[in-house]
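J.: Here you go, this is data35.pdb (PDB, C-alpha atoms).
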```pdb
ATOM      1  CA  MET J  82      -3.928  18.115 -11.731
ATOM      2  CA  ALA J  83      -1.005  17.937 -14.158
ATOM      3  CA  ASP J  84       1.311  16.486 -11.511
ATOM      4  CA  GLU J  85      -1.240  13.733 -10.792
ATOM      5  CA  ALA J  86      -1.403  12.776 -14.468
ATOM      6  CA  LEU J  87       2.383  12.736 -14.673
ATOM      7  CA  PHE J  88       2.602  10.488 -11.625
ATOM      8  CA  LEU J  89       0.065   8.063 -13.109
ATOM      9  CA  LEU J  90       1.914   7.970 -16.437
ATOM     10  CA  LEU J  91       5.284   7.531 -14.726
ATOM     11  CA  HIS J  92       3.933   4.688 -12.621
ATOM     12  CA  ASN J  93       2.435   2.904 -15.644
ATOM     13  CA  GLU J  94       5.668   3.306 -17.640
ATOM     14  CA  MET J  95       7.739   2.100 -14.700
ATOM     15  CA  VAL J  96       5.652  -1.073 -14.411
ATOM     16  CA  SER J  97       5.683  -1.764 -18.155
ATOM     17  CA  GLY J  98       9.416  -0.967 -18.358
ATOM     18  CA  VAL J  99      10.288  -3.449 -15.615
ATOM     19  CA  TYR J 100       8.195  -6.156 -17.262
ATOM     20  CA  LYS J 101       9.508  -5.462 -20.792
ATOM     21  CA  SER J 102      13.143  -5.581 -19.695
ATOM     22  CA  ALA J 103      12.688  -8.802 -17.731
ATOM     23  CA  GLU J 104      13.414 -12.230 -19.059
ATOM     24  CA  GLN J 105      10.619 -14.789 -19.072
ATOM     25  CA  GLY J 106      12.023 -16.583 -16.003
ATOM     26  CA  GLU J 107      12.049 -13.388 -13.962
ATOM     27  CA  VAL J 108       8.389 -12.730 -14.691
ATOM     28  CA  GLU J 109       7.413 -16.249 -13.683
ATOM     29  CA  ASN J 110       9.454 -16.154 -10.462
ATOM     30  CA  GLY J 111       7.992 -12.820  -9.365
ATOM     31  CA  ARG J 112      11.270 -10.929  -9.617
ATOM     32  CA  CYS J 113       9.541  -8.068 -11.430
ATOM     33  CA  ILE J 114       7.149  -7.549  -8.544
ATOM     34  CA  THR J 115      10.085  -7.666  -6.132
ATOM     35  CA  LYS J 116      11.925  -5.098  -8.225
ATOM     36  CA  LEU J 117       8.904  -2.770  -8.214
ATOM     37  CA  GLU J 118       8.421  -3.224  -4.478
ATOM     38  CA  ASN J 119      12.089  -2.421  -3.833
ATOM     39  CA  MET J 120      11.756   0.748  -5.913
ATOM     40  CA  GLY J 121       8.742   1.746  -3.839
ATOM     41  CA  PHE J 122      10.600   0.899  -0.632
ATOM     42  CA  ARG J 123      13.400   3.332  -1.446
ATOM     43  CA  VAL J 124      10.968   6.076  -2.487
ATOM     44  CA  GLY J 125       8.924   5.533   0.700
ATOM     45  CA  GLN J 126      12.040   5.874   2.843
ATOM     46  CA  GLY J 127      12.943   9.159   1.180
ATOM     47  CA  LEU J 128       9.432  10.586   1.339
ATOM     48  CA  ILE J 129       8.958   9.779   5.029
ATOM     49  CA  GLU J 130      12.314  11.292   5.827
ATOM     50  CA  ARG J 131      11.259  14.489   4.098
ATOM     51  CA  PHE J 132       7.695  14.600   5.496
ATOM     52  CA  THR J 133       8.646  13.971   9.138
ATOM     53  CA  LYS J 134      11.646  16.270   9.510
ATOM     54  CA  ASP J 135       9.544  18.974  11.225
ATOM     55  CA  THR J 136       7.054  16.621  12.892
ATOM     56  CA  ALA J 137       6.957  15.799  16.588
ATOM     57  CA  ARG J 138       7.962  12.280  17.586
ATOM     58  CA  PHE J 139       5.176   9.699  17.338
ATOM     59  CA  LYS J 140       4.141   8.200  20.652
ATOM     60  CA  ASP J 141       3.013   4.779  19.420
ATOM     61  CA  GLU J 142       2.376   2.563  16.427
ATOM     62  CA  LEU J 143      -1.219   3.756  16.010
ATOM     63  CA  ASP J 144      -0.046   7.373  15.716
ATOM     64  CA  ILE J 145       2.346   6.314  12.966
ATOM     65  CA  MET J 146      -0.466   4.550  11.117
ATOM     66  CA  LYS J 147      -2.692   7.624  11.434
ATOM     67  CA  PHE J 148       0.132   9.700   9.952
ATOM     68  CA  ILE J 149       0.423   7.233   7.050
ATOM     69  CA  CYS J 150      -3.347   7.360   6.441
ATOM     70  CA  LYS J 151      -3.764  11.107   6.661
ATOM     71  CA  ASP J 152      -0.580  12.955   5.747
ATOM     72  CA  PHE J 153       1.506  10.470   3.782
ATOM     73  CA  TRP J 154      -1.343   9.055   1.677
ATOM     74  CA  THR J 155      -2.755  12.543   1.053
ATOM     75  CA  THR J 156       0.574  13.840  -0.181
ATOM     76  CA  VAL J 157       1.194  10.900  -2.508
ATOM     77  CA  PHE J 158      -2.340  10.079  -3.726
ATOM     78  CA  LYS J 159      -4.198  13.371  -3.098
ATOM     79  CA  LYS J 160      -6.735  11.821  -0.711
ATOM     80  CA  GLN J 161      -6.853  10.199   2.700
ATOM     81  CA  ILE J 162      -7.280   6.505   3.313
ATOM     82  CA  ASP J 163     -11.003   5.783   3.580
ATOM     83  CA  ASN J 164     -10.808   3.306   6.448
ATOM     84  CA  LEU J 165      -8.218   2.096   8.954
ATOM     85  CA  ARG J 166      -8.940  -1.001  11.000
ATOM     86  CA  THR J 167      -6.754  -2.618  13.618
ATOM     87  CA  ASN J 168      -6.873  -5.364  16.200
ATOM     88  CA  HIS J 169      -4.431  -3.425  18.436
ATOM     89  CA  GLN J 170      -2.022  -6.367  18.235
ATOM     90  CA  GLY J 171      -0.017  -5.293  15.210
ATOM     91  CA  ILE J 172      -2.386  -5.946  12.315
ATOM     92  CA  TYR J 173      -3.667  -2.943  10.379
ATOM     93  CA  VAL J 174      -5.947  -2.885   7.370
ATOM     94  CA  LEU J 175      -6.039   0.272   5.243
ATOM     95  CA  GLN J 176      -8.815   0.679   2.689
ATOM     96  CA  ASP J 177      -8.861   3.103  -0.245
ATOM     97  CA  ASN J 178     -12.153   2.990  -2.144
ATOM     98  CA  LYS J 179     -10.891   4.964  -5.155
ATOM     99  CA  PHE J 180      -7.250   3.993  -5.532
ATOM    100  CA  ARG J 181      -5.892   6.203  -8.302
ATOM    101  CA  LEU J 182      -3.322   3.807  -9.717
ATOM    102  CA  LEU J 183      -5.989   1.237 -10.612
ATOM    103  CA  THR J 184      -8.986   3.364 -11.575
ATOM    104  CA  GLN J 185      -7.813   3.572 -15.191
ATOM    105  CA  MET J 186      -7.881  -0.215 -15.617
ATOM    106  CA  SER J 187     -10.893  -1.810 -17.230
ATOM    107  CA  ALA J 188     -13.372  -4.023 -15.476
ATOM    108  CA  GLY J 189     -13.201  -7.764 -15.812
ATOM    109  CA  LYS J 190     -11.615 -10.826 -14.293
ATOM    110  CA  GLN J 191      -8.804 -10.860 -16.880
ATOM    111  CA  TYR J 192      -7.463  -7.568 -15.476
ATOM    112  CA  LEU J 193      -7.697  -8.669 -11.859
ATOM    113  CA  GLU J 194      -4.637 -10.910 -12.275
ATOM    114  CA  HIS J 195      -2.596  -7.929 -13.529
ATOM    115  CA  ALA J 196      -3.484  -5.729 -10.560
ATOM    116  CA  SER J 197      -0.642  -7.094  -8.422
ATOM    117  CA  LYS J 198       2.024  -5.588 -10.638
ATOM    118  CA  TYR J 199       0.417  -2.156 -10.235
ATOM    119  CA  LEU J 200       0.190  -2.558  -6.452
ATOM    120  CA  ALA J 201       3.774  -3.700  -5.782
ATOM    121  CA  PHE J 202       5.233  -0.184  -5.878
ATOM    122  CA  THR J 203       2.602   1.061  -3.401
ATOM    123  CA  CYS J 204       3.252  -1.836  -1.010
ATOM    124  CA  GLY J 205       6.952  -1.003  -1.129
ATOM    125  CA  LEU J 206       6.173   2.679  -0.616
ATOM    126  CA  ILE J 207       4.326   1.962   2.629
ATOM    127  CA  ARG J 208       6.866  -0.612   3.819
ATOM    128  CA  GLY J 209       9.732   1.820   3.172
ATOM    129  CA  GLY J 210       7.983   4.625   4.993
ATOM    130  CA  LEU J 211       7.248   2.433   7.990
ATOM    131  CA  SER J 212      10.808   1.133   7.955
ATOM    132  CA  ASN J 213      12.177   4.665   8.244
ATOM    133  CA  LEU J 214       9.840   5.246  11.184
ATOM    134  CA  GLY J 215      11.255   2.190  12.945
ATOM    135  CA  ILE J 216       8.541  -0.347  12.106
ATOM    136  CA  LYS J 217       9.462  -3.489  10.222
ATOM    137  CA  SER J 218       6.368  -4.760   8.469
ATOM    138  CA  ILE J 219       4.905  -7.105   5.918
ATOM    139  CA  VAL J 220       2.665  -5.221   3.489
ATOM    140  CA  THR J 221       0.229  -6.935   1.152
ATOM    141  CA  ALA J 222      -2.519  -5.551  -1.061
ATOM    142  CA  GLU J 223      -5.755  -7.070  -2.269
ATOM    143  CA  VAL J 224      -8.290  -6.026  -4.872
ATOM    144  CA  SER J 225     -11.467  -8.066  -4.940
ATOM    145  CA  SER J 226     -12.918  -6.731  -8.180
ATOM    146  CA  MET J 227     -12.001  -4.470 -11.074
ATOM    147  CA  PRO J 228     -12.182  -1.572 -11.501
ATOM    148  CA  ALA J 229     -10.586  -0.905  -8.109
ATOM    149  CA  TRP J 230     -13.028   1.841  -7.213
ATOM    150  CA  ALA J 231     -15.893  -0.654  -7.208
ATOM    151  CA  GLU J 232     -14.898  -2.221  -3.887
ATOM    152  CA  GLY J 233     -11.615  -0.545  -3.048
ATOM    153  CA  LEU J 234      -8.013  -1.398  -2.397
ATOM    154  CA  ILE J 235      -7.275  -3.166   0.873
ATOM    155  CA  ILE J 236      -3.753  -3.032   2.253
ATOM    156  CA  GLY J 237      -2.814  -5.315   5.129
ATOM    157  CA  LEU J 238       0.100  -4.611   7.447
ATOM    158  CA  VAL J 239       1.643  -6.931   9.972
ATOM    159  CA  THR J 240       4.220  -5.581  12.371
ATOM    160  CA  PRO J 241       6.777  -7.782  14.152
ATOM    161  CA  THR J 242       4.989  -7.657  17.487
ATOM    162  CA  PHE J 243       2.455 -10.052  15.993
ATOM    163  CA  ILE J 244       3.548 -11.850  12.859
ATOM    164  CA  GLU J 245       0.958 -14.130  11.285
ATOM    165  CA  PRO J 246       0.457 -14.762   7.588
ATOM    166  CA  ILE J 247      -2.130 -12.304   6.272
ATOM    167  CA  SER J 248      -3.914 -15.001   4.278
ATOM    168  CA  SER J 249      -4.781 -16.978   7.401
ATOM    169  CA  VAL J 250      -6.357 -13.961   9.070
ATOM    170  CA  GLY J 251      -8.769 -12.923   6.334
ATOM    171  CA  TRP J 252      -9.990  -9.408   5.799
ATOM    172  CA  GLY J 253     -13.578  -9.513   6.897
ATOM    173  CA  GLN J 254     -13.278 -12.087   9.601
ATOM    174  CA  CYS J 255     -10.639 -12.876  12.170
ATOM    175  CA  SER J 256     -10.481 -15.294  15.019
ATOM    176  CA  SER J 257     -12.292 -14.015  18.090
ATOM    177  CA  SER J 258      -9.113 -13.023  19.919
ATOM    178  CA  ARG J 259      -7.961 -10.945  16.955
ATOM    179  CA  SER J 260     -11.092  -9.197  15.760
ATOM    180  CA  LEU J 261     -10.555  -5.967  13.852
ATOM    181  CA  THR J 262     -12.084  -2.752  15.069
ATOM    182  CA  SER J 263     -12.689   0.280  12.963
ATOM    183  CA  SER J 264     -10.848   3.494  13.753
ATOM    184  CA  SER J 265     -12.627   6.513  12.439
ATOM    185  CA  ILE J 266      -9.632   8.670  11.645
ATOM    186  CA  CYS J 267     -10.347   9.576   8.050
TER
END
```
Spell out the structure here as structure tokens.

T.:
Amino acid sequence: MADEALFLLLHNEMVSGVYKSAEQGEVENGRCITKLENMGFRVGQGLIERFTKDTARFKDELDIMKFICKDFWTTVFKKQIDNLRTNHQGIYVLQDNKFRLLTQMSAGKQYLEHASKYLAFTCGLIRGGLSNLGIKSIVTAEVSSMPAWAEGLIIGLVTPTFIEPISSVGWGQCSSSRSLTSSSIC
């Protein structure tokens, strides 16, 4: 329990430290979010390297995603991903209904715009982990309402076998050739 509280405090201080040290132009250009994502990327690379050293080789991309949802997410956030959906063409959607890094934030639309700075590190964490497993990806996160536990955190992944902007796909609905199916792994 104490290590979880320390992680939450460290994460909050890291985000506020990056934003306090930034100049006004960097905040407006999104450089702070990039900096946080790059920090997460490096941490994700290191964690995956450590977690997979005694693991058998993964046979496909879906096995890697199951590992991320079960083992990796459990080790970092003390719970499994609640839902993994895929279209089996390189798009994966991970859903965490009680994402710990956002549960301390208050409800309200004014806090929804600040959620992205608290999600950048996590996006980098996943992207770095996947990178070390040989998958180049685009990772985005979306929170539809605050607090995050009300509807959950949704993380979208696109791998290079099928690159399409996440925003054109939509989370709940996809074109008929790319419909998402639910994998009950968690």

J.: At what distance in Å, to one decimal, does atom CA of J:Gly215 lie from atom CA of J:Lys179?

T.: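 Straight-line distance from atom CA of J:Lys179 to atom CA of J:Gly215 works out to 28.7 Å.
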
J.: Anything within 9 Å of (0.9, 3.8, 8.4): list those residues as a ChimeraX atom specification, counting all atoms listed in the file and sticking to the file's coordinates.

T.: /J:142-151,153-154,173,175,207-208,210-211,238

J.: As a short mmCIF file (atom, residue, chain, number, x, y, z; two decimals) with C-alpha atoms, keeping the file's coordinate frame, please: the residues near J:Ala201 (cut-off 7 Å, only C-alpha atoms, same-chain neighbours under 5 positions excluded).

T.:
```
data_model
loop_
_atom_site.label_atom_id
_atom_site.label_comp_id
_atom_site.auth_asym_id
_atom_site.auth_seq_id
_atom_site.Cartn_x
_atom_site.Cartn_y
_atom_site.Cartn_z
CA ILE J 114 7.15 -7.55 -8.54
CA LEU J 117 8.90 -2.77 -8.21
CA GLU J 118 8.42 -3.22 -4.48
#
```

J.: Considering all atoms listed in the file, state which residue in the set J:Ile129, J:Cys113, J:Val239, J:Val224 is at the smallest distance from J:Asn178.

T.: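 Selected residue with least distance to J:Asn178: J:Val224.
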
J.: Would you mind telling me which residue in J:Val96, J:Ile219, J:Leu128, J:Leu87 lies nearest to J:Val157 when using only C-alpha atoms?

T.: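 Of J:Val96, J:Ile219, J:Leu128, J:Leu87, the one nearest J:Val157 is J:Leu128, counting only C-alpha atoms.
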
J.: Using all atoms listed in the file for the distances, tell me which of J:Phe122, J:Phe158, J:Phe180, J:Phe139 is nearest to J:Ala196.

T.: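 Checking each candidate against J:Ala196, we get J:Phe180 as the closest.
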
J.: Quote the spacing between atom CA of J:Lys140 and atom CA of J:His169 in Å to one decimal place.

T.: 14.6 Å

J.: Could you work out an axis-aligned bounding box for all listed atoms of stretch 141-146 of chain J, with 8 Å added on each of the six sides, and give its centre and edge lengths in Å to one decimal, as lines of an AutoDock Vina configuration file?

T.:
```
center_x = 0.9
center_y = 5.0
center_z = 15.3
size_x = 20.2
size_y = 20.8
size_z = 24.3
```

J.: One decimal, in Å: what's the spacing between atom CA of J:Ala137 and atom CA of J:Asp84?

T.: 28.7 Å
